[in-house]
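Asks: To start, I am sharing the structure in question, which I have written as structure tokens.
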Amino acid sequence: MSTAADMPAEQLMVRAEGVHKRFGHVEVLKGIDLAVAPREVMCVIGPSGSGKSTFLRCINHLEKVDAGRLWVDGRLVGYRESGGKLHELKDREVAAQRREIGMVFQRFHLFPHMTALENVIEAPQRVKGVGKQAARARGTELLERVGLGDRVHNYPNQLSGGQQQRVAIARALAMEPKLMLFDEPTSALDPELVGEVLDVMRGLAADGMTMVVVTHEMGFAREVGDTLVFMDDGVVVESGAPRQVLTDPQHERTRAFLSKVL
Amino acid sequence: MATDTTTRSASPEQIRAVPVRHPGRWVAAAVIAVLVAMFVHMLVTNPVFQWSFMVDNMFSAPVLRGARTTLIMTVLAMVIGVLLGVVLAVMRLSPNPVVSGAAWVYVWFFRAIPRIVLLFFVANLGALYATYQLGFPFDRQLMDLFGFSGDLRFLDLDGNQIFTGFTAGLIGLALSEGAYMAEIVRAGIQSVDPGQTEAASALGMSRSTAMRRIVLPQAMRVIIPPTGNETIAMLKDTSLLIAVPVTIELNFQLRAIGSRTFQIIPMAVASILWYAALASLLMIGQHFLEKRFSRGFGARETRAQRAAREAREVGSTH
Ligand SMILES: Nc1ncnc2c1ncn2[C@@H]1O[C@H](COP(=O)(O)OP(=O)(O)O)[C@@H](O)[C@H]1O
Ligand SMILES: [Mg+2]
């Protein structure tokens, strides 16, 4: 729960070593080393374009890592290592890895042609083969847990942004992931709707979910986060206990960034 | 200041203004009314129309059979064309350049060929090979190579039987339609936010499940209106089946009666009425499909939601 520093590598939930990623000529990640322990909540902050989203997307292999290694729950992401060589995993195997990792996007990406409940039960039914009755029961339960028990039959466009994001969280939880990734989950929301989403995330953290959260909500980072990571220009500049990073930043870049957002 | 506020807060007088007159609209309506009257007068008084003859003949057994053939051909050619179009569109968007190139060539070729030319060609494929066999590619050559003899074929079709009449017409029209539908489906797929595929992948869905369950249903909204146009165009293009020839088709049957009885105009009018009626039927179908696939895109309350809300309201009044 606390930090990953004193934990054997194979027990970590996420381990990144020298992760590099380039788009064309532009190197977006320039060697990221990070470790997330089980039940840890890691918050990631940093200026726009610093590679936060790209790093999250590497964790569930939506982007391919160019160099370095990334493990989730002790297993290499997207590759298999045998005979000293890396072999790309088949689409089916990559999909199986992603099942264990929930992702929540800034712009929700709910399926607009499905009701809230249908959004939540789609993947359990089609991917895991859960029966319809069981999936609906579990889906209703999850929607109740995020406070939307009375909205199960609404389509996304009939819900507010905050409600949509909570459906998106329930949809990710329905796959029973062991790790949840949040990419600026409240950045597209009207200010008065931010709280309801953060409350749900706070509840998840309290239940012991391992979470990596890219966010600009410093209050949330300070209060819920176990670790705070400051990224800039494709590298981790500084990381540590949130309170310490926020009140006593060690690097000039961190200080400059925090003075702009706080 | 104080008086201002009191007058403002008092409910103001209802506005009763004199409306603007639109004399131009009245003139236009009058002109149209006269033209319609002239047209109806002509329809009623010109003896060439032979209305009772037309009505008697436009519902005769061969015409009804022709209408049925036309409708069935339209529906079948569209169903096959749409399926083919989906496959071609997915191929076209494939990262594999050979697969995508093959789809491009298909679309290019079949869009370039006039349907009537294509139908004539398909109808005469019987002349290319007498029998068409399904089997292992290059089977004879491969068997020879490995020192065996014989072949690996499991289905024999007589070319002169399959490439005639209805089947030939269906093959020609469906192949051609597939090319047009491929472009329509591709535009539809590309209209769907890539975030949708991403969200589906993040949930562990395979690419094909994501396409089938998430992308295509949303693409349908964009795909259906032009597909409606395609269907109506197909209805009209069934009259090209004369190139095969297919004679049990609506236009041919009506014209045959016209030529036989020398009542050309009545039967031509009958054709117009028949096609207008069948096209209207298809447009109604399109309307319902559009409604079905717009779920989640309007603010409309659905049946399940209304039921749930009513249940809640009933519950809360007790
Ligand atoms: N698919 C892509 N193709 C090309 N460039 C990209 C792509 N995705 C992100 N980038 C670039 O990578 C950099 C980092 O982006 P991102 O990870 O989204 O940053 P952040 O989330 O920290 O704002 C940006 O300069 C962005 O333009
Ligand atoms: Mg981002």
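Chain labels follow the order of the structure tokens: the first chain is A, the next B, and so on; residue numbering restarts at 1 in every chain, and ligands are counted from 1 in their shown order.
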Please identify all protein, DNA and RNA residues within 6 Å of ligand 1, counting only C-alpha atoms and all ligand atoms, and report them as number ranges by chain.
Replies: A: 23, 28, 48-54
Asks: Give me, as number ranges by chain, all polymer residues having an atom no more than 12 Å from Asn119 in chain A, counting only C-alpha atoms and skipping those fewer than 3 positions away in the same chain.
Replies: A: 108-116, 122-126, 135-136, 139-140, 142-143, 152-156, 164-175; B: 196, 199-200, 203, 213-214, 296
Asks: Range 127-137 of chain B: which residues within 10 Å, counting only C-alpha atoms, same-chain residues fewer than 4 positions away excluded, as a VMD selection string?
Replies: chain B and resid 121 to 123 141 to 142 151 to 163
Asks: Select, as a PyMOL selection string, those residues of chain B with any atom no more than 7 Å from chain A (distances computed using only C-alpha atoms).
Replies: chain B and resi 195-196+199+201-206+214+218+295-297+299+304-305
Asks: Once you have the residues from the selection above, write them out as a compact mmCIF listing (two decimals), in the first residue's frame, restricted to N, CA and C atoms.
Replies:
```txt
# COMPACT_ATOMS: atom_id res chain seq x y z
N GLY B 195 -11.89 6.64 -30.52
CA GLY B 195 -11.94 6.37 -29.08
C GLY B 195 -12.84 5.19 -28.75
N GLN B 196 -13.82 4.93 -29.60
CA GLN B 196 -14.72 3.80 -29.38
C GLN B 196 -13.98 2.47 -29.49
N ALA B 199 -11.66 2.19 -26.52
CA ALA B 199 -12.34 1.79 -25.28
C ALA B 199 -12.65 0.29 -25.34
N SER B 201 -11.00 -2.03 -27.06
CA SER B 201 -9.74 -2.78 -26.88
C SER B 201 -9.33 -2.79 -25.42
N ALA B 202 -9.47 -1.62 -24.77
CA ALA B 202 -9.06 -1.54 -23.37
C ALA B 202 -9.86 -2.49 -22.49
N LEU B 203 -11.08 -2.83 -22.94
CA LEU B 203 -11.89 -3.78 -22.18
C LEU B 203 -11.54 -5.22 -22.52
N GLY B 204 -10.61 -5.40 -23.45
CA GLY B 204 -10.19 -6.74 -23.81
C GLY B 204 -10.96 -7.35 -24.96
N MET B 205 -11.72 -6.52 -25.68
CA MET B 205 -12.46 -7.07 -26.84
C MET B 205 -11.50 -7.30 -27.99
N SER B 206 -11.77 -8.33 -28.78
CA SER B 206 -10.97 -8.57 -29.97
C SER B 206 -11.38 -7.54 -31.02
N ILE B 214 -19.45 -2.71 -31.56
CA ILE B 214 -19.30 -1.30 -31.18
C ILE B 214 -19.27 -0.39 -32.40
N GLN B 218 -22.74 1.78 -34.73
CA GLN B 218 -22.72 3.24 -34.77
C GLN B 218 -22.56 3.75 -36.19
N ARG B 295 -30.91 5.01 -31.89
CA ARG B 295 -30.98 4.87 -30.43
C ARG B 295 -29.73 5.43 -29.79
N GLY B 296 -29.93 6.27 -28.76
CA GLY B 296 -28.79 6.82 -28.05
C GLY B 296 -28.25 8.08 -28.69
N PHE B 297 -28.82 8.51 -29.82
CA PHE B 297 -28.31 9.71 -30.46
C PHE B 297 -29.31 10.86 -30.43
N ALA B 299 -32.53 12.77 -27.89
CA ALA B 299 -32.78 12.86 -26.46
C ALA B 299 -34.05 12.10 -26.09
N ALA B 304 -38.17 1.38 -22.48
CA ALA B 304 -37.73 0.82 -21.19
C ALA B 304 -37.62 1.94 -20.15
N GLN B 305 -37.09 3.11 -20.61
CA GLN B 305 -36.96 4.22 -19.68
C GLN B 305 -38.30 4.73 -19.21
```
Asks: I want to know what sits within 8 Å of His20 in chain A, based on only C-alpha atoms, with residues of the same chain fewer than 5 positions away left out; could you give that as a list in words?
Replies: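 Answer for this query is Glu27, Val28, Leu29, Lys30, Gly31, Ile32, Val65, Asp66, Ala67 and Gly68 of chain A.
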Asks: Taking only range 66-184 of chain A into account, list the residues labelled strand (DSSP E) by DSSP (computed from the backbone), as an NGL selection string.
Replies: :A and (67-72 or 75-76 or 79-82 or 85-88 or 101-104 or 179-183)
Asks: Using the selection just defined, write its residues with C-alpha atoms as a short mmCIF file (atom, residue, chain, number, x, y, z; two decimals), in the first residue's frame.
Replies:
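Saved as result-v8.cif:
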```
data_model
loop_
_atom_site.label_atom_id
_atom_site.label_comp_id
_atom_site.auth_asym_id
_atom_site.auth_seq_id
_atom_site.Cartn_x
_atom_site.Cartn_y
_atom_site.Cartn_z
CA ALA A 67 12.64 0.29 -25.83
CA GLY A 68 12.73 -0.75 -22.19
CA ARG A 69 10.47 -3.14 -20.36
CA LEU A 70 7.05 -2.90 -18.78
CA TRP A 71 5.55 -5.52 -16.51
CA VAL A 72 2.05 -5.69 -15.07
CA ARG A 75 4.10 -10.33 -16.68
CA LEU A 76 5.74 -8.52 -19.54
CA TYR A 79 5.66 -9.54 -25.32
CA ARG A 80 6.92 -12.90 -24.23
CA GLU A 81 10.58 -13.40 -23.44
CA SER A 82 12.06 -16.72 -24.38
CA LYS A 85 14.43 -12.87 -27.46
CA LEU A 86 11.21 -10.89 -27.28
CA HIS A 87 8.24 -12.32 -29.13
CA GLU A 88 5.17 -10.21 -29.83
CA ILE A 101 -6.43 -3.58 -16.62
CA GLY A 102 -9.31 -1.13 -16.49
CA MET A 103 -8.98 2.19 -18.26
CA VAL A 104 -10.95 5.39 -17.83
CA LEU A 179 -5.27 -2.37 -11.95
CA MET A 180 -7.14 0.78 -12.95
CA LEU A 181 -5.71 3.51 -15.15
CA PHE A 182 -7.31 6.95 -15.15
CA ASP A 183 -6.34 9.50 -17.79
#
```
Asks: Would you mind reading off the distance between CA of Gly126 in chain B and CA of Thr247 in chain B, one decimal, in Å?
Replies: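 CA of Thr247 in chain B lies at a distance of 18.8 Å from CA of Gly126 in chain B.
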Asks: If you run DSSP on this backbone, which residues of range 6-188 of chain A come out as alpha helix (DSSP H), and could you give them as JSON, numbers by chain?
Replies: {"A": [52, 53, 54, 55, 56, 57, 58, 59, 91, 92, 93, 94, 95, 96, 97, 98, 99, 116, 117, 118, 119, 120, 121, 122, 123, 124, 125, 126, 132, 133, 134, 135, 136, 137, 138, 139, 140, 141, 142, 143, 144, 145, 161, 162, 163, 164, 165, 166, 167, 168, 169, 170, 171, 172, 173]}
Asks: Just checking: using only C-alpha atoms, which residue out of B:Ile257, B:Ile72, B:Val86, B:Leu241 ends up closest to Met220 in chain B?
Replies: B:Val86
Asks: Near range 209-219 of chain A, within 10 Å and counting only C-alpha atoms, which residues show up once chain neighbours fewer than 4 positions away are dropped, as an mmCIF file with C-alpha atoms, in the first residue's frame?
Replies:
```
data_model
loop_
_atom_site.group_PDB
_atom_site.id
_atom_site.type_symbol
_atom_site.label_atom_id
_atom_site.label_comp_id
_atom_site.auth_asym_id
_atom_site.auth_seq_id
_atom_site.Cartn_x
_atom_site.Cartn_y
_atom_site.Cartn_z
ATOM 1 C CA MET A 1 0.000 0.000 0.000
ATOM 2 C CA MET A 13 1.693 -4.410 -9.874
ATOM 3 C CA VAL A 14 3.406 -2.193 -12.427
ATOM 4 C CA VAL A 36 3.553 0.657 -8.434
ATOM 5 C CA ALA A 37 2.871 -1.699 -5.537
ATOM 6 C CA PRO A 38 -0.402 -3.604 -5.189
ATOM 7 C CA ARG A 39 -3.080 -1.425 -3.540
ATOM 8 C CA GLU A 40 -1.021 1.674 -4.202
ATOM 9 C CA VAL A 41 -2.571 4.839 -5.668
ATOM 10 C CA MET A 42 -0.086 6.657 -7.850
ATOM 11 C CA CYS A 43 -0.976 10.092 -9.148
ATOM 12 C CA VAL A 44 0.855 11.502 -12.143
ATOM 13 C CA ILE A 45 1.033 15.215 -12.853
ATOM 14 C CA GLY A 46 2.897 17.214 -15.443
ATOM 15 C CA PRO A 47 2.455 19.781 -18.182
ATOM 16 C CA LYS A 52 1.487 11.159 -19.301
ATOM 17 C CA SER A 53 -1.261 9.719 -21.522
ATOM 18 C CA PHE A 55 2.757 6.249 -20.623
ATOM 19 C CA LEU A 56 -0.669 5.120 -19.402
ATOM 20 C CA ILE A 59 0.754 0.093 -19.635
ATOM 21 C CA ILE A 101 -6.429 -3.585 -16.625
ATOM 22 C CA GLY A 102 -9.313 -1.133 -16.488
ATOM 23 C CA MET A 103 -8.978 2.190 -18.259
ATOM 24 C CA VAL A 104 -10.953 5.389 -17.829
ATOM 25 C CA GLN A 106 -10.753 11.830 -20.271
ATOM 26 C CA PRO A 177 -9.408 -5.597 -13.171
ATOM 27 C CA LYS A 178 -6.516 -5.742 -10.779
ATOM 28 C CA LEU A 179 -5.268 -2.368 -11.948
ATOM 29 C CA MET A 180 -7.143 0.779 -12.947
ATOM 30 C CA LEU A 181 -5.706 3.507 -15.154
ATOM 31 C CA PHE A 182 -7.315 6.948 -15.145
ATOM 32 C CA ASP A 183 -6.341 9.499 -17.795
ATOM 33 C CA GLU A 184 -7.468 12.907 -16.543
ATOM 34 C CA PRO A 185 -10.892 11.518 -15.624
ATOM 35 C CA THR A 186 -12.265 14.882 -14.504
ATOM 36 C CA SER A 187 -10.659 17.234 -17.022
ATOM 37 C CA VAL A 194 -15.765 16.851 -10.587
ATOM 38 C CA LEU A 198 -13.506 11.888 -7.392
ATOM 39 C CA MET A 201 -12.410 7.052 -7.142
ATOM 40 C CA ARG A 202 -11.792 7.733 -3.471
ATOM 41 C CA GLY A 203 -14.096 4.814 -2.655
ATOM 42 C CA LEU A 204 -12.181 2.558 -5.024
ATOM 43 C CA ALA A 205 -8.881 3.518 -3.415
ATOM 44 C CA GLU A 223 -5.415 13.210 0.011
ATOM 45 C CA VAL A 224 -5.772 9.866 -1.784
ATOM 46 C CA GLY A 225 -2.451 9.320 -3.504
ATOM 47 C CA ASP A 226 0.294 7.227 -1.954
ATOM 48 C CA THR A 227 2.827 8.486 -4.485
ATOM 49 C CA LEU A 228 2.950 11.567 -6.638
ATOM 50 C CA VAL A 229 4.964 11.532 -9.837
ATOM 51 C CA PRO A 242 2.365 13.665 -2.398
ATOM 52 C CA ARG A 243 2.596 15.991 0.579
ATOM 53 C CA LEU A 246 3.706 19.356 -3.324
ATOM 54 C CA LEU A 258 3.437 23.734 -9.295
ATOM 55 C CA VAL A 261 -1.198 25.158 -11.149
ATOM 56 C CA LEU A 262 -1.500 25.676 -7.393
#
```
